[in-house]
>>> print(open('work.cif').read())   # mmCIF, C-alpha atoms
data_query
loop_
_atom_site.label_atom_id
_atom_site.label_comp_id
_atom_site.auth_asym_id
_atom_site.auth_seq_id
_atom_site.Cartn_x
_atom_site.Cartn_y
_atom_site.Cartn_z
CA MET A 7 -22.80 -1.05 30.99
CA PHE A 8 -22.08 -4.10 28.81
CA THR A 9 -23.63 -2.42 25.77
CA THR A 10 -21.60 0.73 26.38
CA ARG A 11 -18.38 -1.28 26.50
CA ILE A 12 -19.23 -3.02 23.21
CA GLN A 13 -20.08 0.30 21.61
CA LEU A 14 -16.78 1.77 22.80
CA THR A 15 -14.83 -1.22 21.50
CA LEU A 16 -16.60 -1.06 18.15
CA SER A 17 -16.04 2.68 17.88
CA LEU A 18 -12.35 2.35 18.59
CA THR A 19 -12.01 -0.53 16.14
CA VAL A 20 -13.74 1.38 13.36
CA ALA A 21 -11.71 4.52 14.09
CA THR A 22 -8.48 2.55 13.98
CA LEU A 23 -9.41 0.82 10.72
CA VAL A 24 -10.45 4.08 9.05
CA ALA A 25 -7.28 5.82 10.23
CA SER A 26 -5.12 2.94 9.03
CA ALA A 27 -6.78 3.01 5.63
CA CYS A 28 -6.03 6.73 5.35
CA MET A 29 -2.36 6.38 6.25
CA PRO A 30 -0.25 5.43 3.25
CA MET A 31 1.96 2.39 3.50
CA SER A 32 5.57 3.38 3.92
CA LYS A 33 7.06 0.48 1.96
CA LYS A 34 5.54 -1.11 -1.12
CA VAL A 35 6.27 -4.44 -2.73
CA GLY A 36 6.35 -5.13 -6.47
CA MET A 37 5.70 -1.54 -7.48
CA ASP A 38 7.10 0.75 -10.16
CA TYR A 39 9.79 2.11 -7.84
CA PRO A 40 11.31 4.66 -10.25
CA ALA A 41 7.84 6.12 -10.87
CA LEU A 42 7.05 6.30 -7.14
CA VAL A 43 10.35 8.02 -6.47
CA GLN A 44 9.96 10.42 -9.40
CA ASP A 45 6.62 11.51 -7.94
CA ASP A 46 8.42 12.31 -4.70
CA VAL A 47 11.17 14.22 -6.51
CA THR A 48 8.65 16.26 -8.46
CA THR A 49 6.66 17.09 -5.33
CA PHE A 50 9.78 17.91 -3.31
CA GLN A 51 11.28 20.19 -5.92
CA ALA A 52 7.91 21.88 -6.56
CA PHE A 53 7.78 22.79 -2.87
CA PHE A 54 10.92 24.91 -3.29
CA GLU A 55 9.88 26.34 -6.64
CA LYS A 56 6.73 27.59 -4.95
CA ARG A 57 8.55 28.86 -1.84
CA PHE A 58 11.30 30.65 -3.79
CA PRO A 59 9.92 31.51 -7.23
CA ASP A 60 12.90 33.77 -8.00
CA THR A 61 15.51 31.04 -7.45
CA GLU A 62 16.62 29.05 -10.46
CA LYS A 63 16.43 25.32 -9.80
CA ALA A 64 20.07 24.81 -10.79
CA ASP A 65 21.17 27.37 -8.19
CA TYR A 66 20.04 25.26 -5.20
CA ILE A 67 23.44 23.57 -5.27
CA ASN A 68 24.65 26.76 -3.59
CA GLY A 69 22.60 26.07 -0.48
CA VAL A 70 21.38 29.02 1.54
CA TYR A 71 23.18 31.37 -0.84
CA SER A 72 20.60 30.51 -3.48
CA ILE A 73 17.91 32.22 -1.40
CA ASP A 74 19.76 34.82 0.72
CA ALA A 75 21.21 37.62 -1.42
CA ASP A 76 23.12 39.36 1.39
CA ALA A 77 24.82 36.18 2.55
CA ARG A 78 25.56 35.28 -1.06
CA SER A 79 27.65 38.38 -1.71
CA GLN A 80 29.81 37.60 1.32
CA TRP A 81 30.13 33.97 0.24
CA GLU A 82 31.11 34.92 -3.30
CA SER A 83 33.88 37.09 -1.87
CA LEU A 84 35.03 34.16 0.22
CA GLU A 85 35.03 31.89 -2.83
CA GLU A 86 37.56 34.13 -4.58
CA PHE A 87 40.15 32.48 -2.33
CA PRO A 88 38.34 29.25 -1.41
CA PRO A 89 39.15 28.05 2.09
CA TYR A 90 39.04 24.42 0.89
CA GLU A 91 41.73 24.96 -1.74
CA LEU A 92 44.60 23.70 0.40
CA SER A 93 42.56 20.65 1.42
CA VAL A 94 41.90 19.81 -2.23
CA ASP A 95 45.64 19.99 -2.94
CA GLN A 96 46.35 17.77 0.05
CA GLY A 97 43.63 15.39 -1.09
CA LYS A 98 45.22 15.19 -4.52
CA ALA A 99 48.57 14.33 -2.97
CA LEU A 100 46.95 11.65 -0.81
CA TYR A 101 45.08 10.31 -3.83
CA GLU A 102 48.27 9.95 -5.82
CA THR A 103 50.39 8.48 -3.02
CA PRO A 104 50.75 4.71 -3.48
CA PHE A 105 49.56 2.36 -0.74
CA ALA A 106 52.08 0.02 0.86
CA ASN A 107 51.12 -2.69 -1.64
CA GLY A 108 51.86 -0.43 -4.59
CA SER A 109 48.22 0.21 -5.49
CA SER A 110 46.54 3.54 -4.91
CA TYR A 111 43.12 5.14 -4.88
CA ALA A 112 43.40 5.22 -8.66
CA THR A 113 43.30 1.43 -8.62
CA CYS A 114 39.76 1.70 -7.26
CA PHE A 115 38.53 4.97 -8.77
CA GLY A 116 40.59 5.70 -11.89
CA ASP A 117 41.06 9.43 -12.27
CA GLY A 118 38.81 10.06 -9.26
CA ALA A 119 36.05 11.78 -11.20
CA VAL A 120 33.40 9.37 -9.96
CA ARG A 121 31.32 11.55 -7.63
CA SER A 122 28.12 10.97 -9.58
CA GLN A 123 28.38 7.19 -9.02
CA TYR A 124 27.66 7.72 -5.31
CA PRO A 125 25.58 7.11 -3.35
CA TYR A 126 24.16 3.95 -4.87
CA TYR A 127 22.32 0.90 -3.60
CA ASP A 128 24.44 -2.26 -3.71
CA GLU A 129 22.04 -5.13 -4.44
CA ASP A 130 24.48 -7.85 -3.39
CA ARG A 131 25.26 -6.28 -0.03
CA ALA A 132 21.74 -4.86 0.41
CA MET A 133 23.03 -1.48 1.54
CA VAL A 134 23.70 2.06 0.38
CA ILE A 135 27.32 2.76 -0.53
CA THR A 136 28.52 6.34 -0.16
CA LEU A 137 31.70 7.85 -1.59
CA GLU A 138 33.34 8.05 1.84
CA LEU A 139 32.51 4.42 2.59
CA ALA A 140 33.93 3.40 -0.80
CA ILE A 141 37.14 5.35 -0.11
CA ASN A 142 37.70 3.45 3.12
CA GLU A 143 36.78 0.14 1.50
CA CYS A 144 39.38 0.86 -1.18
CA ARG A 145 41.91 1.33 1.59
CA THR A 146 41.06 -1.87 3.46
CA ALA A 147 40.99 -3.85 0.22
CA ASN A 148 44.59 -2.74 -0.25
CA GLY A 149 45.74 -3.46 3.28
CA GLU A 150 45.48 0.08 4.62
CA LYS A 151 43.81 1.20 7.84
CA VAL A 152 40.46 2.95 7.67
CA LEU A 153 40.37 6.72 8.04
CA LYS A 154 37.99 8.61 10.33
CA TYR A 155 34.80 9.49 8.53
CA LYS A 156 34.05 13.02 9.68
CA LYS A 157 37.16 15.05 8.83
CA GLY A 158 40.87 14.85 8.14
CA ASP A 159 42.46 12.84 5.35
CA LEU A 160 39.29 11.05 4.25
CA ALA A 161 37.48 14.38 3.84
CA LYS A 162 40.45 15.68 1.86
CA VAL A 163 40.45 12.70 -0.52
CA SER A 164 36.69 13.06 -0.90
CA ALA A 165 37.13 16.80 -1.54
CA TYR A 166 39.67 16.14 -4.26
CA MET A 167 37.41 13.55 -5.91
CA SER A 168 34.45 15.92 -5.66
CA PHE A 169 36.52 18.75 -7.12
CA VAL A 170 37.52 16.76 -10.20
CA SER A 171 33.90 15.63 -10.55
CA ARG A 172 32.36 19.10 -10.49
CA GLY A 173 29.50 19.48 -12.91
CA GLN A 174 28.54 15.80 -12.95
CA ALA A 175 24.78 15.31 -12.91
CA ILE A 176 23.00 14.02 -9.83
CA ASN A 177 20.92 11.12 -11.07
CA VAL A 178 20.52 8.47 -8.39
CA ASP A 179 18.54 5.37 -9.33
CA VAL A 180 16.05 3.69 -7.03
CA ALA A 181 15.15 0.70 -9.15
CA SER A 182 14.56 -2.26 -6.84
CA GLU A 183 12.61 -3.19 -3.74
CA GLY A 184 15.78 -3.15 -1.64
CA ALA A 185 16.78 0.26 -2.96
CA TYR A 186 13.29 1.57 -2.38
CA ASN A 187 13.27 0.34 1.21
CA ALA A 188 16.59 2.10 1.88
CA TYR A 189 15.20 5.22 0.21
CA MET A 190 12.05 5.04 2.34
CA ASP A 191 14.13 4.65 5.50
CA GLY A 192 15.98 7.84 4.56
CA LYS A 193 12.71 9.55 3.75
CA GLU A 194 11.25 8.55 7.10
CA PHE A 195 14.33 9.91 8.85
CA PHE A 196 14.07 13.23 6.99
CA TYR A 197 10.46 13.83 7.96
CA SER A 198 10.49 12.42 11.52
CA LYS A 199 10.70 14.78 14.46
CA ARG A 200 13.35 13.74 16.95
CA GLY A 201 15.36 14.99 19.88
CA GLN A 202 14.30 17.06 22.87
CA PHE A 203 13.36 19.94 20.56
CA ASN A 204 11.05 17.66 18.56
CA ILE A 205 12.36 18.90 15.21
CA SER A 206 12.73 17.07 11.89
CA CYS A 207 15.15 17.73 9.03
CA ALA A 208 12.11 18.96 7.10
CA ASP A 209 11.14 21.40 9.84
CA CYS A 210 14.36 23.36 9.32
CA HIS A 211 15.10 22.69 5.67
CA MET A 212 11.57 22.91 4.28
CA ARG A 213 9.24 24.69 6.69
CA ALA A 214 11.75 27.18 8.12
CA THR A 215 14.07 27.66 5.17
CA GLY A 216 14.03 31.28 4.10
CA PHE A 217 13.24 32.43 7.62
CA TYR A 218 15.63 33.25 10.42
CA LEU A 219 16.24 30.71 13.17
CA ARG A 220 18.10 32.84 15.67
CA ALA A 221 20.79 34.50 13.50
CA ASP A 222 20.81 32.07 10.60
CA VAL A 223 18.60 31.10 7.71
CA PRO A 224 18.41 27.30 7.32
CA SER A 225 19.41 26.14 3.87
CA PRO A 226 16.83 24.65 1.51
CA GLY A 227 16.66 20.85 1.55
CA LEU A 228 17.00 20.80 -2.23
CA GLY A 229 20.64 20.57 -3.29
CA GLN A 230 21.94 19.95 0.20
CA THR A 231 24.14 16.98 -0.63
CA SER A 232 25.71 18.47 -3.77
CA HIS A 233 28.55 20.41 -2.15
CA PHE A 234 30.04 18.11 0.48
CA PRO A 235 32.59 17.75 1.87
CA THR A 236 32.39 21.38 2.93
CA PHE A 237 34.74 23.80 4.63
CA ARG A 238 32.73 25.40 7.41
CA THR A 239 33.95 28.56 9.11
CA LYS A 240 32.51 27.19 12.33
CA TRP A 241 34.70 24.09 12.03
CA ASP A 242 37.66 25.99 10.56
CA ALA A 243 38.19 22.80 8.60
CA LEU A 244 36.74 20.52 6.00
CA GLY A 245 34.00 18.12 7.11
CA THR A 246 31.90 15.42 5.53
CA LEU A 247 28.15 15.32 5.09
CA HIS A 248 27.80 12.83 7.93
CA ARG A 249 29.70 15.14 10.24
CA ARG A 250 27.09 17.77 9.43
CA TYR A 251 24.25 15.28 10.01
CA GLY A 252 25.66 14.52 13.45
CA GLY A 253 25.92 18.22 14.27
CA CYS A 254 22.33 18.82 13.17
CA ASN A 255 21.08 15.98 15.36
CA GLU A 256 23.03 17.26 18.35
CA ASN A 257 21.61 20.75 17.78
CA ILE A 258 18.09 19.45 18.19
CA ARG A 259 19.24 17.49 21.23
CA ALA A 260 18.96 14.08 19.65
CA LYS A 261 21.74 11.55 20.10
CA ALA A 262 23.68 11.57 16.84
CA PHE A 263 24.23 8.38 14.86
CA SER A 264 27.70 7.34 13.83
CA ALA A 265 29.05 8.61 10.55
CA GLN A 266 28.34 6.01 7.85
CA SER A 267 25.69 4.37 10.01
CA PRO A 268 22.81 2.85 8.02
CA GLU A 269 20.61 5.73 9.20
CA TYR A 270 22.87 8.43 7.76
CA ARG A 271 23.71 6.49 4.59
CA ASN A 272 20.00 6.05 3.87
CA LEU A 273 19.35 9.71 4.67
CA GLU A 274 22.10 10.71 2.23
CA TYR A 275 20.56 8.40 -0.36
CA PHE A 276 17.12 9.97 0.03
CA GLN A 277 18.45 13.52 0.05
CA THR A 278 20.60 12.96 -3.02
CA VAL A 279 17.66 11.45 -4.89
CA MET A 280 15.64 14.56 -4.05
CA SER A 281 18.34 16.59 -5.81
CA ASN A 282 18.23 14.56 -9.02
CA GLY A 283 18.59 16.91 -11.97
CA LEU A 284 21.09 19.19 -10.22
CA VAL A 285 24.87 18.78 -10.37
CA PHE A 286 27.59 17.96 -7.87
CA ASN A 287 29.68 21.04 -7.03
CA GLY A 288 31.76 20.03 -4.02
CA PRO A 289 33.70 20.86 -2.11
CA GLY A 290 31.85 23.88 -0.80
CA SER A 291 32.36 26.58 1.77
CA ARG A 292 29.78 27.57 4.35
CA LYS A 293 29.50 29.59 7.55
CA MET B 23 -10.01 23.95 6.42
CA ILE B 24 -8.76 20.76 8.12
CA ASN B 25 -8.50 17.80 5.81
CA ILE B 26 -9.82 14.43 6.89
CA ASN B 27 -6.40 12.78 7.02
CA THR B 28 -5.03 15.45 9.32
CA LEU B 29 -8.11 15.24 11.52
CA LEU B 30 -7.95 11.47 11.75
CA SER B 31 -4.25 11.44 12.43
CA SER B 32 -4.75 14.01 15.17
CA LEU B 33 -7.43 11.84 16.73
CA VAL B 34 -5.23 8.79 16.57
CA LEU B 35 -2.28 10.71 18.00
CA SER B 36 -4.44 12.02 20.82
CA LEU B 37 -5.67 8.53 21.58
CA MET B 38 -2.12 7.17 21.60
CA LEU B 39 -0.94 9.97 23.85
CA ALA B 40 -3.84 9.37 26.23
CA LEU B 41 -3.08 5.67 26.34
CA SER B 42 0.64 6.30 26.82
CA GLY B 43 -0.24 8.45 29.82
CA LEU B 44 -1.82 5.41 31.40
CA ALA B 45 1.45 3.50 31.18
CA SER B 46 3.07 2.85 34.50
CA ALA B 47 5.32 5.64 35.75
CA ALA B 48 8.63 5.02 37.45
CA GLU B 49 8.08 3.33 40.78
CA ALA B 50 11.61 3.59 42.10
CA THR B 51 11.90 4.54 45.74
CA ASN B 52 15.64 5.13 45.79
CA ALA B 53 18.34 6.44 43.50
CA THR B 54 19.74 3.02 42.64
CA GLN B 55 16.34 1.82 41.41
CA MET B 56 15.70 5.10 39.62
CA ILE B 57 19.00 4.86 37.76
CA ALA B 58 18.19 1.29 36.74
CA GLU B 59 14.74 2.30 35.47
CA ALA B 60 16.20 5.26 33.56
CA GLU B 61 18.74 2.99 31.90
CA VAL B 62 16.08 0.52 30.81
CA MET B 63 13.87 3.28 29.40
CA ASN B 64 16.78 5.00 27.64
CA LYS B 65 17.88 1.72 26.10
CA ALA B 66 14.37 1.22 24.74
CA ALA B 67 14.41 4.71 23.20
CA GLY B 68 17.82 4.04 21.69
CA GLU B 69 16.76 0.73 20.20
CA ILE B 70 14.23 2.48 17.98
CA GLY B 71 16.70 5.28 17.15
CA TYR B 72 15.19 8.03 19.24
CA GLU B 73 17.53 8.52 22.19
CA TRP B 74 17.94 12.15 23.18
CA ARG B 75 21.32 13.84 23.38
CA ASP B 76 21.64 14.44 27.12
CA THR B 77 19.87 11.49 28.72
CA ALA B 78 22.94 9.30 29.06
CA SER B 79 24.80 12.22 30.62
CA TYR B 80 22.08 12.62 33.25
CA ILE B 81 22.39 8.93 34.07
CA ALA B 82 26.18 9.20 34.30
CA ASP B 83 25.85 12.25 36.56
CA ALA B 84 23.33 10.40 38.73
CA LYS B 85 25.74 7.51 39.17
CA LYS B 86 28.51 9.91 40.12
CA ALA B 87 26.28 11.70 42.62
CA LEU B 88 25.29 8.36 44.14
CA ALA B 89 28.93 7.33 44.40
CA ASP B 90 29.60 10.63 46.16
CA GLY B 91 26.87 9.90 48.69
CA GLN B 92 24.43 12.48 47.31
CA GLU B 93 21.34 10.27 47.22
CA ASP B 94 18.75 13.02 46.68
CA GLN B 95 20.66 14.63 43.84
CA ALA B 96 21.26 11.23 42.28
CA TYR B 97 17.54 10.45 42.43
CA GLN B 98 16.60 13.77 40.84
CA LEU B 99 19.11 13.37 38.02
CA ALA B 100 18.00 9.80 37.36
CA ASN B 101 14.37 10.88 37.42
CA GLU B 102 15.12 13.60 34.85
CA ALA B 103 16.82 10.97 32.69
CA TYR B 104 13.85 8.64 33.08
CA GLU B 105 11.36 11.33 32.07
CA GLN B 106 13.48 12.29 29.05
CA ALA B 107 13.81 8.68 27.97
CA LYS B 108 10.09 8.07 28.38
CA LEU B 109 9.26 11.07 26.18
CA ALA B 110 11.89 10.00 23.64
CA LEU B 111 10.35 6.54 23.45
CA GLU B 112 6.86 7.97 22.98
CA GLN B 113 8.20 10.35 20.34
CA GLY B 114 9.83 7.47 18.49
CA LYS B 115 6.73 5.30 18.56
CA LEU B 116 4.55 8.16 17.33
CA MET B 117 6.94 9.08 14.55
CA ARG B 118 7.42 5.53 13.34
CA GLU B 119 3.67 5.17 12.91
CA ASN B 120 2.80 8.66 11.74
CA TRP B 121 5.81 10.29 10.07
CA GLN B 122 4.06 10.59 6.73
CA GLN B 123 1.59 12.98 8.33
CA TYR B 124 4.43 15.46 8.87
CA ILE B 125 5.48 15.94 5.25
CA PRO B 126 5.13 19.65 4.42
CA MET B 127 2.81 20.44 1.52
#
>>> encode(input="work.cif", output="C-alpha cells")
Amino acid sequence: MFTTRIQLTLSLTVATLVASACMPMSKKVGMDYPALVQDDVTTFQAFFEKRFPDTEKADYINGVYSIDADARSQWESLEEFPPYELSVDQGKALYETPFANGSSYATCFGDGAVRSQYPYYDEDRAMVITLELAINECRTANGEKVLKYKKGDLAKVSAYMSFVSRGQAINVDVASEGAYNAYMDGKEFFYSKRGQFNISCADCHMRATGFYLRADVPSPGLGQTSHFPTFRTKWDALGTLHRRYGGCNENIRAKAFSAQSPEYRNLEYFQTVMSNGLVFNGPGSRK
Amino acid sequence: MININTLLSSLVLSLMLALSGLASAAEATNATQMIAEAEVMNKAAGEIGYEWRDTASYIADAKKALADGQEDQAYQLANEAYEQAKLALEQGKLMRENWQQYIPM
C-alpha cells in the first residue's frame, strides 16, 4: 500500500514535470521580442495563405469579402454608396469644431491622418493606447467630457481619421518586455475558449473561417482590425472595434468586457500586429 | 497521428478535470444559501475573466423569485447559476494554463 502510494506520487510528479517542460512559456524575459513576434506573424499569415490559396494577402483587409465571392459582389454594390459616408462627414465636422478652450482635435492629431500610429504600447504608462482611447484623452486634456466608446460621435471622429489615413501601412512594433507582455495577453485572449459555448476567437476566425456558421461565414482573423470603425447593417450605424468584440463575446455567451478595457486593448494590439504588412482601410461596411 | 504535446496536454487536462470533479459541490440547503454560493463562485470566475453571459441574470432572477416567496424556483435558478459559474471557473483555469495547446496549425 505504502509502495503503491509512493509510485503514484512519483508517477504524477514525473508526468507533471514532463508536461510542464513540453508547454511553452507564455511570457519571456530578455528575449528578442521583435523576432519572436515576427515568427508569430509569419505563422499566422501562412495559416491563411494555406487555407485560401486564391486570396491575395493584401485583400484580407476586406474581411469575409476576401474569401466569399458571392457576398463580395453584394458588398461592392453597397460600397458604391457607402453607408458610412454621412458618418465620415459628421466626423470631419466634429474634428474641425473647436473645443471650449479654443483647441481642437487637430491640436492633438494634426490633420488626423494618424491611424497607423495606433495601437501602440506606451512604455511610460505601461499600457496599450488605441486610437479611440487617444481621442478621448485628447478631449479630457482640453477640458471636454469623454465620449462613449462603442458608437456615436467618438466612432464618427475615429471614422473620419481612419478615412483620411486610408492606405497607411499596418506596422505595429513590439519591442520591449512590457509591449511583449501586452501582446501575449492579447494572444492568450485570442486563442482561449470562453463563454458557455466554449469558443475562442480563433475557433471562428481561423478554424471556421470559410465555412458557414448558421447563415454566415466568419471572417478571416487576418486583416480584421484594418477597417474599423465599421458600419454594420445589423447595427444600422457605425460601431467601433471594441463594440464588435463585446458582441462577439456575448454571442458565445461570455460576459463582455468594457470597451477600452485592458483585455480588449491588448486583443486589438495582438490582432493588429498579426496584420502587419497590410494597410488600414477604415471605415468599412459589413452585414 | 497524435503528437506527444497534444497527448500530454490531453492527459494533463483529463487529470485536472478529474481532480476538479472531486472539489466540493454546493452544499446549500435553501435558496438563500444557494444564491450566496452562486455569487461567490461567479465572482471567482469573473476575477479571472471568465464569467459567462447569463450567470448574473440567473442570480438576479433567483433573488426576485425568493423575494416573491417562490423558494423552490429561487433555489433552482441559483443552482443553475452556481453550476454555470463552476464550469466557467474550471474553463478559465484550464485555459490560463493550456491556451497555447489550442492554437490552430
>>> residues_around(input="work.cif", residues="A:Leu139", least_positions_apart="6", cutoff="10 Å", atoms="all atoms listed in the file", output="list in words")
Tyr124, Pro125, Arg145, Val152, Leu153, Tyr155, Leu160, Ala265, Gln266 and Arg271 of chain A
>>> interface_residues(input="work.cif", of="chain A", to="chain B", cutoff="6 Å", atoms="all atoms listed in the file", output="MDAnalysis selection string")
chainID A and resid 25 198 201 259:261
>>> closest_residue(input="work.cif", among="A:Tyr251, A:Phe54, A:Tyr186, A:Phe203", to="A:Glu274", atoms="all atoms listed in the file")
A:Tyr251
>>> resolve_selection(input="work.cif", expression="the PyMOL selection byres ((chain B and resi 100) around 8)", output="list of chain:residue names")
B:Ala53, B:Met56, B:Ile57, B:Ala60, B:Tyr80, B:Ile81, B:Ala84, B:Ala96, B:Tyr97, B:Gln98, B:Leu99, B:Asn101, B:Glu102, B:Ala103, B:Tyr104
>>> atom_distance(input="work.cif", atom1="atom CA of A:Leu92", atom2="atom CA of A:Ala119")
18.7 Å
>>> closest_residue(input="work.cif", among="A:Gln80, A:Lys199, A:Thr231, A:His211", to="B:Lys115", atoms="all atoms listed in the file")
A:Lys199
>>> residues_around(input="work.cif", residues="A:Gly227", least_positions_apart="2", cutoff="9 Å", atoms="all atoms listed in the file", output="list in words")
Phe50, Phe54, Tyr66, Gly69, Cys207, Ala208, Cys210, His211, Met212, Thr215, Pro224, Ser225, Gly229, Gln230, Thr231, Gln277, Met280 and Ser281 of chain A
>>> residues_around(input="work.cif", residues="A:Thr61", least_positions_apart="6", cutoff="8 Å", atoms="all atoms listed in the file", output="VMD selection string")
chain A and resid 55 72 to 73
>>> closest_residue(input="work.cif", among="A:Thr136, A:Asn287, A:Asn204, A:Asn282", to="A:Asn257", atoms="all atoms listed in the file")
A:Asn204
>>> closest_residue(input="work.cif", among="A:His248, A:Arg238, A:Lys193, A:Arg220", to="A:Asn272", atoms="all atoms listed in the file")
A:Lys193
>>> atom_distance(input="work.cif", atom1="atom CA of A:Arg172", atom2="atom CA of A:Ser110")
21.8 Å
>>> resolve_selection(input="work.cif", expression="the PyMOL selection byres ((chain A and resi 171) around 8)", output="PyMOL selection string")
chain A and resi 118-122+167-170+172-174+286-287
>>> atom_distance(input="work.cif", atom1="atom CA of A:Asp130", atom2="atom CA of A:Tyr275")
17.0 Å
>>> resolve_selection(input="work.cif", expression="the PyMOL selection byres ((chain A and resi 164) around 9)", output="ChimeraX atom specification")
/A:94,97,121,137-138,141,159-163,165-169,234-235,246,289
>>> residues_around(input="work.cif", residues="A:Leu84", least_positions_apart="5", cutoff="12 Å", atoms="all atoms listed in the file", output="PDB file with C-alpha atoms, in the coordinates of the input")
ATOM      1  CA  ALA A  77      24.820  36.180   2.550  1.00  0.00           C
ATOM      2  CA  ARG A  78      25.560  35.280  -1.060  1.00  0.00           C
ATOM      3  CA  SER A  79      27.650  38.380  -1.710  1.00  0.00           C
ATOM      4  CA  PRO A  89      39.150  28.050   2.090  1.00  0.00           C
ATOM      5  CA  TYR A  90      39.040  24.420   0.890  1.00  0.00           C
ATOM      6  CA  GLU A  91      41.730  24.960  -1.740  1.00  0.00           C
ATOM      7  CA  PHE A 237      34.740  23.800   4.630  1.00  0.00           C
ATOM      8  CA  ARG A 238      32.730  25.400   7.410  1.00  0.00           C
ATOM      9  CA  THR A 239      33.950  28.560   9.110  1.00  0.00           C
ATOM     10  CA  GLY A 290      31.850  23.880  -0.800  1.00  0.00           C
ATOM     11  CA  SER A 291      32.360  26.580   1.770  1.00  0.00           C
ATOM     12  CA  ARG A 292      29.780  27.570   4.350  1.00  0.00           C
ATOM     13  CA  LYS A 293      29.500  29.590   7.550  1.00  0.00           C
TER      14      LYS A 293
END
>>> decode(input="work.cif", residues="stretch 182-225 of chain A", atoms="C-alpha atoms", output="mmCIF file, in the first residue's frame")
data_model
loop_
_atom_site.group_PDB
_atom_site.id
_atom_site.type_symbol
_atom_site.label_atom_id
_atom_site.label_comp_id
_atom_site.auth_asym_id
_atom_site.auth_seq_id
_atom_site.Cartn_x
_atom_site.Cartn_y
_atom_site.Cartn_z
ATOM 1 C CA SER A 182 10.078 45.725 -25.206
ATOM 2 C CA GLU A 183 9.240 43.317 -22.419
ATOM 3 C CA GLY A 184 6.203 45.379 -21.436
ATOM 4 C CA ALA A 185 4.952 45.506 -25.012
ATOM 5 C CA TYR A 186 5.537 41.793 -25.404
ATOM 6 C CA ASN A 187 3.587 41.013 -22.240
ATOM 7 C CA ALA A 188 0.633 43.085 -23.502
ATOM 8 C CA TYR A 189 0.917 41.337 -26.856
ATOM 9 C CA MET A 190 0.966 37.930 -25.156
ATOM 10 C CA ASP A 191 -2.096 38.831 -23.092
ATOM 11 C CA GLY A 192 -3.906 39.651 -26.335
ATOM 12 C CA LYS A 193 -2.646 36.459 -27.908
ATOM 13 C CA GLU A 194 -3.850 34.413 -24.950
ATOM 14 C CA PHE A 195 -7.263 36.053 -25.221
ATOM 15 C CA PHE A 196 -7.479 35.294 -28.946
ATOM 16 C CA TYR A 197 -6.767 31.593 -28.533
ATOM 17 C CA SER A 198 -8.630 30.927 -25.256
ATOM 18 C CA LYS A 199 -12.034 29.309 -25.336
ATOM 19 C CA ARG A 200 -14.566 31.165 -23.225
ATOM 20 C CA GLY A 201 -18.262 31.514 -22.591
ATOM 21 C CA GLN A 202 -20.956 28.873 -22.310
ATOM 22 C CA PHE A 203 -20.303 27.809 -25.911
ATOM 23 C CA ASN A 204 -16.610 27.245 -25.136
ATOM 24 C CA ILE A 205 -15.447 29.073 -28.266
ATOM 25 C CA SER A 206 -12.315 31.141 -28.876
ATOM 26 C CA CYS A 207 -11.741 33.979 -31.346
ATOM 27 C CA ALA A 208 -9.530 31.530 -33.236
ATOM 28 C CA ASP A 209 -12.277 28.918 -33.413
ATOM 29 C CA CYS A 210 -14.427 31.228 -35.543
ATOM 30 C CA HIS A 211 -11.810 33.321 -37.295
ATOM 31 C CA MET A 212 -9.241 30.616 -38.027
ATOM 32 C CA ARG A 213 -10.772 27.150 -37.769
ATOM 33 C CA ALA A 214 -14.250 28.008 -39.065
ATOM 34 C CA THR A 215 -13.476 30.847 -41.436
ATOM 35 C CA GLY A 216 -14.516 29.901 -44.938
ATOM 36 C CA PHE A 217 -17.261 27.640 -43.633
ATOM 37 C CA TYR A 218 -20.823 28.520 -42.773
ATOM 38 C CA LEU A 219 -21.809 29.026 -39.142
ATOM 39 C CA ARG A 220 -25.572 29.077 -39.459
ATOM 40 C CA ALA A 221 -26.128 31.571 -42.309
ATOM 41 C CA ASP A 222 -22.819 33.402 -42.164
ATOM 42 C CA VAL A 223 -19.195 32.770 -42.982
ATOM 43 C CA PRO A 224 -16.902 34.056 -40.198
ATOM 44 C CA SER A 225 -14.309 36.485 -41.476
#
